[in-house]
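Text of the file start_29.pdb, holding PDB, C-alpha atoms:
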ATOM      1  CA  MET A   4     106.946  63.705  84.149
ATOM      2  CA  ASN A   5     104.293  61.666  85.969
ATOM      3  CA  LEU A   6     100.940  60.485  84.627
ATOM      4  CA  PRO A   7      98.734  63.119  86.373
ATOM      5  CA  THR A   8     100.890  65.901  84.881
ATOM      6  CA  LEU A   9     100.610  64.406  81.408
ATOM      7  CA  LEU A  10      96.842  64.089  81.777
ATOM      8  CA  PHE A  11      96.582  67.686  82.959
ATOM      9  CA  LEU A  12      98.658  68.991  80.043
ATOM     10  CA  GLY A  13      96.641  66.882  77.637
ATOM     11  CA  LEU A  14      93.388  68.248  79.010
ATOM     12  CA  VAL A  15      94.479  71.895  79.104
ATOM     13  CA  LEU A  16      96.582  72.075  75.934
ATOM     14  CA  ALA A  17      96.205  69.132  73.608
ATOM     15  CA  PHE A  18      92.434  68.642  73.796
ATOM     16  CA  PRO A  19      91.399  72.227  72.845
ATOM     17  CA  VAL A  20      93.883  72.286  69.969
ATOM     18  CA  GLY A  21      92.805  68.857  68.765
ATOM     19  CA  TYR A  22      89.108  69.666  69.079
ATOM     20  CA  ALA A  23      89.572  72.907  67.129
ATOM     21  CA  GLY A  24      91.269  70.863  64.408
ATOM     22  CA  TYR A  25      88.305  68.478  64.426
ATOM     23  CA  LEU A  26      85.855  71.366  64.056
ATOM     24  CA  SER A  27      87.876  72.832  61.177
ATOM     25  CA  LEU A  28      87.293  69.627  59.176
ATOM     26  CA  HIS A  29      83.535  69.565  59.770
ATOM     27  CA  LYS A  30      80.550  71.713  58.925
ATOM     28  CA  VAL A  31      79.635  73.339  62.221
ATOM     29  CA  GLY A  32      77.005  76.062  62.542
ATOM     30  CA  LEU A  33      73.930  76.846  64.586
ATOM     31  CA  ALA A  34      71.851  74.245  62.737
ATOM     32  CA  GLN A  35      74.442  71.525  63.327
ATOM     33  CA  LEU A  36      74.816  72.510  66.985
ATOM     34  CA  ARG A  37      71.055  72.140  67.501
ATOM     35  CA  ARG A  38      71.052  68.674  65.946
ATOM     36  CA  GLY A  39      74.347  67.666  67.545
ATOM     37  CA  GLU A  40      75.626  66.412  64.185
ATOM     38  CA  PHE A  41      78.752  67.780  62.483
ATOM     39  CA  PRO A  42      78.998  66.519  58.880
ATOM     40  CA  PHE A  43      82.541  65.894  57.688
ATOM     41  CA  SER A  44      83.588  68.474  55.094
ATOM     42  CA  GLY A  45      87.274  67.703  54.665
ATOM     43  CA  TRP A  46      89.326  70.688  53.504
ATOM     44  CA  GLU A  47      86.302  72.688  52.411
ATOM     45  CA  ASN A  48      86.517  75.139  55.317
ATOM     46  CA  TYR A  49      90.181  75.815  54.593
ATOM     47  CA  GLN A  50      89.433  76.273  50.899
ATOM     48  CA  ARG A  51      86.642  78.754  51.636
ATOM     49  CA  VAL A  52      88.873  80.702  54.021
ATOM     50  CA  LEU A  53      91.737  80.901  51.516
ATOM     51  CA  GLU A  54      89.343  82.001  48.756
ATOM     52  CA  ASP A  55      87.794  84.738  50.889
ATOM     53  CA  PRO A  56      89.181  88.185  49.894
ATOM     54  CA  LEU A  57      88.458  89.487  53.402
ATOM     55  CA  PHE A  58      90.804  86.860  54.849
ATOM     56  CA  TRP A  59      93.723  88.180  52.811
ATOM     57  CA  ILE A  60      92.847  91.748  53.771
ATOM     58  CA  ALA A  61      92.942  90.601  57.397
ATOM     59  CA  ILE A  62      96.330  88.921  56.850
ATOM     60  CA  LYS A  63      97.705  92.071  55.178
ATOM     61  CA  ASN A  64      96.489  94.242  58.066
ATOM     62  CA  THR A  65      97.918  91.760  60.575
ATOM     63  CA  LEU A  66     101.322  91.803  58.884
ATOM     64  CA  ILE A  67     101.373  95.610  58.846
ATOM     65  CA  PHE A  68     100.254  95.757  62.466
ATOM     66  CA  THR A  69     102.855  93.192  63.535
ATOM     67  CA  ALA A  70     105.687  94.899  61.651
ATOM     68  CA  VAL A  71     104.850  98.315  63.114
ATOM     69  CA  THR A  72     104.329  97.166  66.699
ATOM     70  CA  VAL A  73     107.218  94.706  66.966
ATOM     71  CA  THR A  74     109.743  97.042  65.333
ATOM     72  CA  SER A  75     108.629  99.977  67.474
ATOM     73  CA  GLU A  76     108.699  97.894  70.654
ATOM     74  CA  ILE A  77     112.235  96.643  70.055
ATOM     75  CA  VAL A  78     113.629 100.111  69.286
ATOM     76  CA  LEU A  79     111.809 101.807  72.180
ATOM     77  CA  ALA A  80     112.561  98.975  74.596
ATOM     78  CA  VAL A  81     116.297  99.137  73.921
ATOM     79  CA  ALA A  82     116.307 102.931  74.309
ATOM     80  CA  ILE A  83     114.284 102.901  77.539
ATOM     81  CA  ALA A  84     116.235  99.968  78.982
ATOM     82  CA  LEU A  85     119.489 101.819  78.330
ATOM     83  CA  LEU A  86     118.039 104.895  80.061
ATOM     84  CA  ILE A  87     116.895 103.131  83.206
ATOM     85  CA  ASN A  88     120.158 101.186  83.296
ATOM     86  CA  GLN A  89     122.064 104.427  83.904
ATOM     87  CA  THR A  90     122.638 104.459  87.647
ATOM     88  CA  GLY A  91     123.840 108.039  87.629
ATOM     89  CA  VAL A  92     120.653 109.448  86.045
ATOM     90  CA  TRP A  93     118.064 110.366  88.688
ATOM     91  CA  THR A  94     115.158 109.928  86.241
ATOM     92  CA  SER A  95     115.974 106.225  85.863
ATOM     93  CA  ARG A  96     114.296 105.411  89.187
ATOM     94  CA  ILE A  97     111.112 107.226  88.185
ATOM     95  CA  THR A  98     111.132 105.546  84.777
ATOM     96  CA  ARG A  99     111.482 102.084  86.335
ATOM     97  CA  PHE A 100     108.290 102.715  88.284
ATOM     98  CA  LEU A 101     106.263 104.362  85.526
ATOM     99  CA  ILE A 102     107.156 101.782  82.877
ATOM    100  CA  LEU A 103     105.359  99.075  84.864
ATOM    101  CA  LEU A 104     101.994 100.859  84.983
ATOM    102  CA  PRO A 105     100.742 100.072  81.441
ATOM    103  CA  TYR A 106     101.606  96.393  81.926
ATOM    104  CA  ALA A 107      99.206  96.198  84.890
ATOM    105  CA  ILE A 108      96.203  97.387  82.848
ATOM    106  CA  PRO A 109      93.952  94.640  81.373
ATOM    107  CA  PRO A 110      93.969  94.703  77.553
ATOM    108  CA  ILE A 111      90.252  95.499  77.187
ATOM    109  CA  CYS A 112      90.577  98.370  79.689
ATOM    110  CA  ASN A 113      93.567  99.661  77.773
ATOM    111  CA  GLY A 114      91.494  99.646  74.593
ATOM    112  CA  LEU A 115      88.669 101.555  76.269
ATOM    113  CA  ILE A 116      91.092 104.143  77.653
ATOM    114  CA  TRP A 117      92.552 104.790  74.227
ATOM    115  CA  SER A 118      89.129 104.848  72.574
ATOM    116  CA  PHE A 119      88.279 107.795  74.849
ATOM    117  CA  LEU A 120      91.603 109.446  74.026
ATOM    118  CA  TYR A 121      90.871 109.048  70.298
ATOM    119  CA  SER A 122      87.281 110.348  70.574
ATOM    120  CA  PHE A 123      86.493 112.603  67.605
ATOM    121  CA  GLN A 124      84.688 115.300  69.616
ATOM    122  CA  PHE A 125      85.826 114.879  73.207
ATOM    123  CA  GLY A 126      89.163 113.063  72.929
ATOM    124  CA  PHE A 127      92.050 114.322  75.021
ATOM    125  CA  LEU A 128      94.500 113.709  72.144
ATOM    126  CA  ASN A 129      92.717 116.183  69.863
ATOM    127  CA  ARG A 130      92.540 118.670  72.719
ATOM    128  CA  ILE A 131      96.314 118.507  73.260
ATOM    129  CA  LEU A 132      97.022 118.882  69.545
ATOM    130  CA  PHE A 133      94.592 121.824  69.360
ATOM    131  CA  SER A 134      96.274 123.588  72.273
ATOM    132  CA  THR A 135      99.720 123.179  70.707
ATOM    133  CA  GLY A 136      98.521 124.368  67.303
ATOM    134  CA  LEU A 137      99.423 121.132  65.528
ATOM    135  CA  ILE A 138      95.865 120.659  64.209
ATOM    136  CA  HIS A 139      93.055 123.127  63.414
ATOM    137  CA  GLU A 140      90.133 120.709  63.287
ATOM    138  CA  PRO A 141      89.338 117.414  65.060
ATOM    139  CA  VAL A 142      90.949 114.267  63.677
ATOM    140  CA  ASN A 143      88.949 111.041  63.712
ATOM    141  CA  TRP A 144      91.904 108.838  64.612
ATOM    142  CA  ALA A 145      89.966 105.578  65.047
ATOM    143  CA  GLY A 146      87.365 106.351  62.377
ATOM    144  CA  ASN A 147      89.691 107.238  59.502
ATOM    145  CA  PRO A 148      90.707 104.279  57.285
ATOM    146  CA  ASN A 149      94.188 105.793  56.909
ATOM    147  CA  THR A 150      94.876 106.039  60.651
ATOM    148  CA  ALA A 151      92.663 103.419  62.352
ATOM    149  CA  LEU A 152      95.143 100.518  62.252
ATOM    150  CA  TYR A 153      98.008 102.713  63.445
ATOM    151  CA  ALA A 154      95.848 104.158  66.212
ATOM    152  CA  VAL A 155      95.286 100.628  67.517
ATOM    153  CA  ALA A 156      99.016  99.924  67.116
ATOM    154  CA  VAL A 157      99.912 102.877  69.364
ATOM    155  CA  ALA A 158      97.518 101.664  72.072
ATOM    156  CA  TYR A 159      98.896  98.141  71.802
ATOM    157  CA  ILE A 160     102.533  99.282  71.972
ATOM    158  CA  TRP A 161     101.809 101.386  75.048
ATOM    159  CA  ARG A 162     100.456  98.326  76.874
ATOM    160  CA  THR A 163     102.997  95.725  75.792
ATOM    161  CA  LEU A 164     106.198  97.791  75.741
ATOM    162  CA  PRO A 165     107.028  97.203  79.462
ATOM    163  CA  PHE A 166     107.471  93.468  78.805
ATOM    164  CA  ALA A 167     110.276  94.076  76.314
ATOM    165  CA  VAL A 168     111.819  96.804  78.482
ATOM    166  CA  LEU A 169     112.022  94.531  81.524
ATOM    167  CA  ILE A 170     113.574  91.658  79.561
ATOM    168  CA  ILE A 171     116.171  93.844  77.861
ATOM    169  CA  HIS A 172     116.953  95.669  81.098
ATOM    170  CA  ALA A 173     117.570  92.325  82.801
ATOM    171  CA  ALA A 174     119.896  91.348  79.947
ATOM    172  CA  LEU A 175     121.804  94.622  80.322
ATOM    173  CA  GLN A 176     122.423  93.793  83.974
ATOM    174  CA  GLY A 177     124.277  90.673  82.846
ATOM    175  CA  ILE A 178     126.760  92.491  80.591
ATOM    176  CA  PRO A 179     130.103  92.845  82.431
ATOM    177  CA  ARG A 180     130.987  96.489  83.031
ATOM    178  CA  GLU A 181     134.641  95.619  82.453
ATOM    179  CA  LEU A 182     133.944  95.296  78.722
ATOM    180  CA  HIS A 183     132.690  98.884  78.499
ATOM    181  CA  GLU A 184     135.475 100.170  80.732
ATOM    182  CA  ALA A 185     138.118  98.501  78.561
ATOM    183  CA  ALA A 186     136.520  99.893  75.400
ATOM    184  CA  THR A 187     136.418 103.380  76.933
ATOM    185  CA  VAL A 188     140.105 103.162  77.765
ATOM    186  CA  ASP A 189     140.769 102.191  74.135
ATOM    187  CA  GLY A 190     138.966 105.343  73.005
ATOM    188  CA  ALA A 191     135.628 103.866  71.882
ATOM    189  CA  SER A 192     132.690 106.300  71.760
ATOM    190  CA  ALA A 193     129.320 105.609  73.360
ATOM    191  CA  TRP A 194     127.884 104.602  69.980
ATOM    192  CA  GLN A 195     130.815 102.251  69.261
ATOM    193  CA  ARG A 196     130.420 100.607  72.676
ATOM    194  CA  PHE A 197     126.715 100.100  71.983
ATOM    195  CA  ARG A 198     127.306  98.843  68.419
ATOM    196  CA  TRP A 199     130.123  96.400  69.148
ATOM    197  CA  ILE A 200     129.489  95.326  72.755
ATOM    198  CA  THR A 201     125.930  95.934  73.952
ATOM    199  CA  LEU A 202     123.957  95.122  70.812
ATOM    200  CA  PRO A 203     125.698  91.799  69.978
ATOM    201  CA  LEU A 204     125.227  90.592  73.564
ATOM    202  CA  LEU A 205     121.563  91.631  73.473
ATOM    203  CA  THR A 206     120.857  89.924  70.137
ATOM    204  CA  PRO A 207     119.748  86.522  71.559
ATOM    205  CA  VAL A 208     117.374  88.262  73.974
ATOM    206  CA  ILE A 209     116.017  90.494  71.212
ATOM    207  CA  ILE A 210     115.329  87.443  69.042
ATOM    208  CA  VAL A 211     113.375  85.824  71.890
ATOM    209  CA  ILE A 212     111.339  89.010  72.291
ATOM    210  CA  LEU A 213     110.731  89.041  68.532
ATOM    211  CA  ILE A 214     109.296  85.523  68.694
ATOM    212  CA  LEU A 215     107.014  86.283  71.638
ATOM    213  CA  ARG A 216     105.883  89.730  70.508
ATOM    214  CA  THR A 217     105.229  88.543  66.939
ATOM    215  CA  SER A 218     103.040  85.677  68.122
ATOM    216  CA  PHE A 219     101.104  87.999  70.440
ATOM    217  CA  ALA A 220     100.762  90.752  67.819
ATOM    218  CA  PHE A 221      99.362  88.250  65.312
ATOM    219  CA  ALA A 222      96.647  87.436  67.853
ATOM    220  CA  VAL A 223      95.737  91.028  68.804
ATOM    221  CA  PHE A 224      92.051  91.204  69.654
ATOM    222  CA  GLU A 225      91.111  93.250  72.724
ATOM    223  CA  GLU A 226      92.286  96.634  71.410
ATOM    224  CA  ILE A 227      90.559  95.958  68.093
ATOM    225  CA  LEU A 228      87.337  95.109  69.932
ATOM    226  CA  ALA A 229      87.440  98.202  72.145
ATOM    227  CA  ILE A 230      88.683 100.820  69.667
ATOM    228  CA  THR A 231      87.652 100.029  66.066
ATOM    229  CA  GLN A 232      85.881  96.636  65.917
ATOM    230  CA  GLY A 233      87.648  95.997  62.617
ATOM    231  CA  GLY A 234      86.526  99.261  61.062
ATOM    232  CA  PRO A 235      86.096 101.622  59.501
ATOM    233  CA  GLY A 236      85.178  99.210  56.745
ATOM    234  CA  ASP A 237      87.986  96.650  56.775
ATOM    235  CA  ALA A 238      90.794  99.100  57.613
ATOM    236  CA  SER A 239      91.650  97.396  60.923
ATOM    237  CA  PHE A 240      90.253  93.950  60.169
ATOM    238  CA  VAL A 241      92.981  91.649  61.530
ATOM    239  CA  ALA A 242      93.263  87.857  61.505
ATOM    240  CA  ALA A 243      92.035  87.213  65.055
ATOM    241  CA  TRP A 244      89.064  89.530  64.498
ATOM    242  CA  TYR A 245      88.305  87.669  61.250
ATOM    243  CA  SER A 246      88.177  84.331  63.117
ATOM    244  CA  TYR A 247      86.017  85.871  65.829
ATOM    245  CA  LYS A 248      83.509  87.329  63.355
ATOM    246  CA  LEU A 249      83.262  84.051  61.458
ATOM    247  CA  THR A 250      82.590  82.119  64.642
ATOM    248  CA  PHE A 251      80.321  84.409  66.660
ATOM    249  CA  SER A 252      78.491  86.482  64.033
ATOM    250  CA  PRO A 253      75.541  85.076  62.053
ATOM    251  CA  PRO A 254      75.558  82.540  60.488
ATOM    252  CA  ASN A 255      78.121  81.428  63.136
ATOM    253  CA  ASN A 256      80.328  79.330  60.897
ATOM    254  CA  ILE A 257      82.376  77.703  63.660
ATOM    255  CA  GLY A 258      84.102  75.294  61.272
ATOM    256  CA  MET A 259      85.454  78.108  59.101
ATOM    257  CA  GLY A 260      86.428  80.061  62.212
ATOM    258  CA  ALA A 261      88.473  77.118  63.472
ATOM    259  CA  ALA A 262      90.072  76.694  60.048
ATOM    260  CA  SER A 263      91.067  80.373  59.909
ATOM    261  CA  ALA A 264      92.546  80.093  63.406
ATOM    262  CA  TYR A 265      94.644  77.117  62.297
ATOM    263  CA  VAL A 266      95.917  79.041  59.265
ATOM    264  CA  LEU A 267      96.870  81.904  61.576
ATOM    265  CA  ALA A 268      98.665  79.489  63.910
ATOM    266  CA  LEU A 269     100.567  78.087  60.920
ATOM    267  CA  LEU A 270     101.730  81.578  59.922
ATOM    268  CA  VAL A 271     102.876  82.335  63.468
ATOM    269  CA  GLY A 272     104.705  79.009  63.543
ATOM    270  CA  LEU A 273     106.536  79.829  60.304
ATOM    271  CA  PHE A 274     107.653  83.168  61.716
ATOM    272  CA  ALA A 275     108.817  81.460  64.917
ATOM    273  CA  ILE A 276     110.842  78.906  62.943
ATOM    274  CA  GLY A 277     112.434  81.727  60.946
ATOM    275  CA  TYR A 278     113.378  83.578  64.116
ATOM    276  CA  VAL A 279     114.797  80.446  65.764
ATOM    277  CA  ARG A 280     116.918  79.669  62.700
ATOM    278  CA  LEU A 281     118.140  83.266  62.757
ATOM    279  CA  ILE A 282     119.211  83.132  66.403
ATOM    280  CA  TYR A 283     121.024  79.823  65.959
ATOM    281  CA  ARG A 284     122.818  81.252  62.928
ATOM    282  CA  ARG A 285     123.833  84.280  65.017
ATOM    283  CA  ILE A 286     125.123  82.114  67.859
ATOM    284  CA  ALA A 287     126.994  79.773  65.520
TER     285      ALA A 287
END
Show me the file's structure as structure tokens.
Amino acid sequence: MNLPTLLFLGLVLAFPVGYAGYLSLHKVGLAQLRRGEFPFSGWENYQRVLEDPLFWIAIKNTLIFTAVTVTSEIVLAVAIALLINQTGVWTSRITRFLILLPYAIPPICNGLIWSFLYSFQFGFLNRILFSTGLIHEPVNWAGNPNTALYAVAVAYIWRTLPFAVLIIHAALQGIPRELHEAATVDGASAWQRFRWITLPLLTPVIIVILILRTSFAFAVFEEILAITQGGPGDASFVAAWYSYKLTFSPPNNIGMGAASAYVLALLVGLFAIGYVRLIYRRIA
């Protein structure tokens, strides 16, 4: 790796991360920005973040959101990938085309689309449920504390699911058909072939998807901004939204915002280490 490449990586990656760490150890707000002086505060910002009850509510919501979205994505991705991998099924070609559409939509646009679908009075979702007789009065999907976080999760899954489908489908293409043919000859059912051949060979790929999707789910922001803005109350207040509100809402405590972002990065890193250890244990 030559010197210009190292300088470029340092400028693009290392400097922002290092500067955010610097801000997290200093008192940085509007007053300090005007004066251009950032008094050193040590671990005070981290202490204030960890003592803030709203931070732990945000972490709890983030964990729930991540568990729901990642689990749902893996299950749905495997099912859809198996469907479109069937060459004899005519719908597989249509599915391969349709599955790519959500992935082409920008996250903020996706959030706006689903906010219209969830609209209490004019939402298309309520209209469909009315017409099928499943509900008898409008449901405030994004405005109800019991459903708001899950409403955002559905919108998020719809946008990000194609990524997992494409990766798993590519992995399925690499599984030798001879293995399934030999198992069929030996009398194995479709479920047994999936359980003892397909799933073990997909496990390393699934672990990689778990790492990527978990890190992205922990940082969900656009759908929260477009659909609920952390509400109602703190029902959908997630970690990335917490950092954003600390930084860009009065009194604009940028130091605490940077500290909360570092804590979030630490949590994501711990999950990634756990996943990596799991995949190496599987391979060994």
| message | Here's the selection I'm unsure about, the PyMOL selection byres ((chain A and resi 22-35) around 10); applied to the file above, which residues does it give, as a PyMOL selection string? | response | chain A and resi 17-21+36-49+250-251+253-265
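Proximity of A:Asn149, A:Ser218, A:Ser239, A:Asn88 to Ala174 (chain A), computed with all atoms listed in the file, is greatest for A:Asn88.
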Put the listed atoms of region 248-254 of chain A in a box along x, y and z with 4 Å added on every side and give me the centre and edge lengths in Å to one decimal, as AutoDock Vina command-line options.
--center_x 79.5 --center_y 84.7 --center_z 63.6 --size_x 16.0 --size_y 13.2 --size_z 14.2
So what does the PyMOL selection byres ((chain A and resi 111) around 7) actually pick up in this one, as an mmCIF file with C-alpha atoms, in the coordinates of the input?
data_model
loop_
_atom_site.group_PDB
_atom_site.id
_atom_site.type_symbol
_atom_site.label_atom_id
_atom_site.label_comp_id
_atom_site.auth_asym_id
_atom_site.auth_seq_id
_atom_site.Cartn_x
_atom_site.Cartn_y
_atom_site.Cartn_z
ATOM 1 C CA PRO A 109 93.952 94.640 81.373
ATOM 2 C CA PRO A 110 93.969 94.703 77.553
ATOM 3 C CA CYS A 112 90.577 98.370 79.689
ATOM 4 C CA ASN A 113 93.567 99.661 77.773
ATOM 5 C CA GLY A 114 91.494 99.646 74.593
ATOM 6 C CA LEU A 115 88.669 101.555 76.269
ATOM 7 C CA GLU A 225 91.111 93.250 72.724
ATOM 8 C CA GLU A 226 92.286 96.634 71.410
ATOM 9 C CA ALA A 229 87.440 98.202 72.145
#
| request: Any chance you could resolve the PyMOL selection byres ((chain A and resi 175-182) around 8) against this file and give the residues as a list in words? | output: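 Those residues are Ala84, Leu85, Asn88, Ile171, His172, Ala173, Ala174, His183, Glu184, Ala185, Ala186, Ile200, Thr201, Leu204 and Leu205 of chain A.
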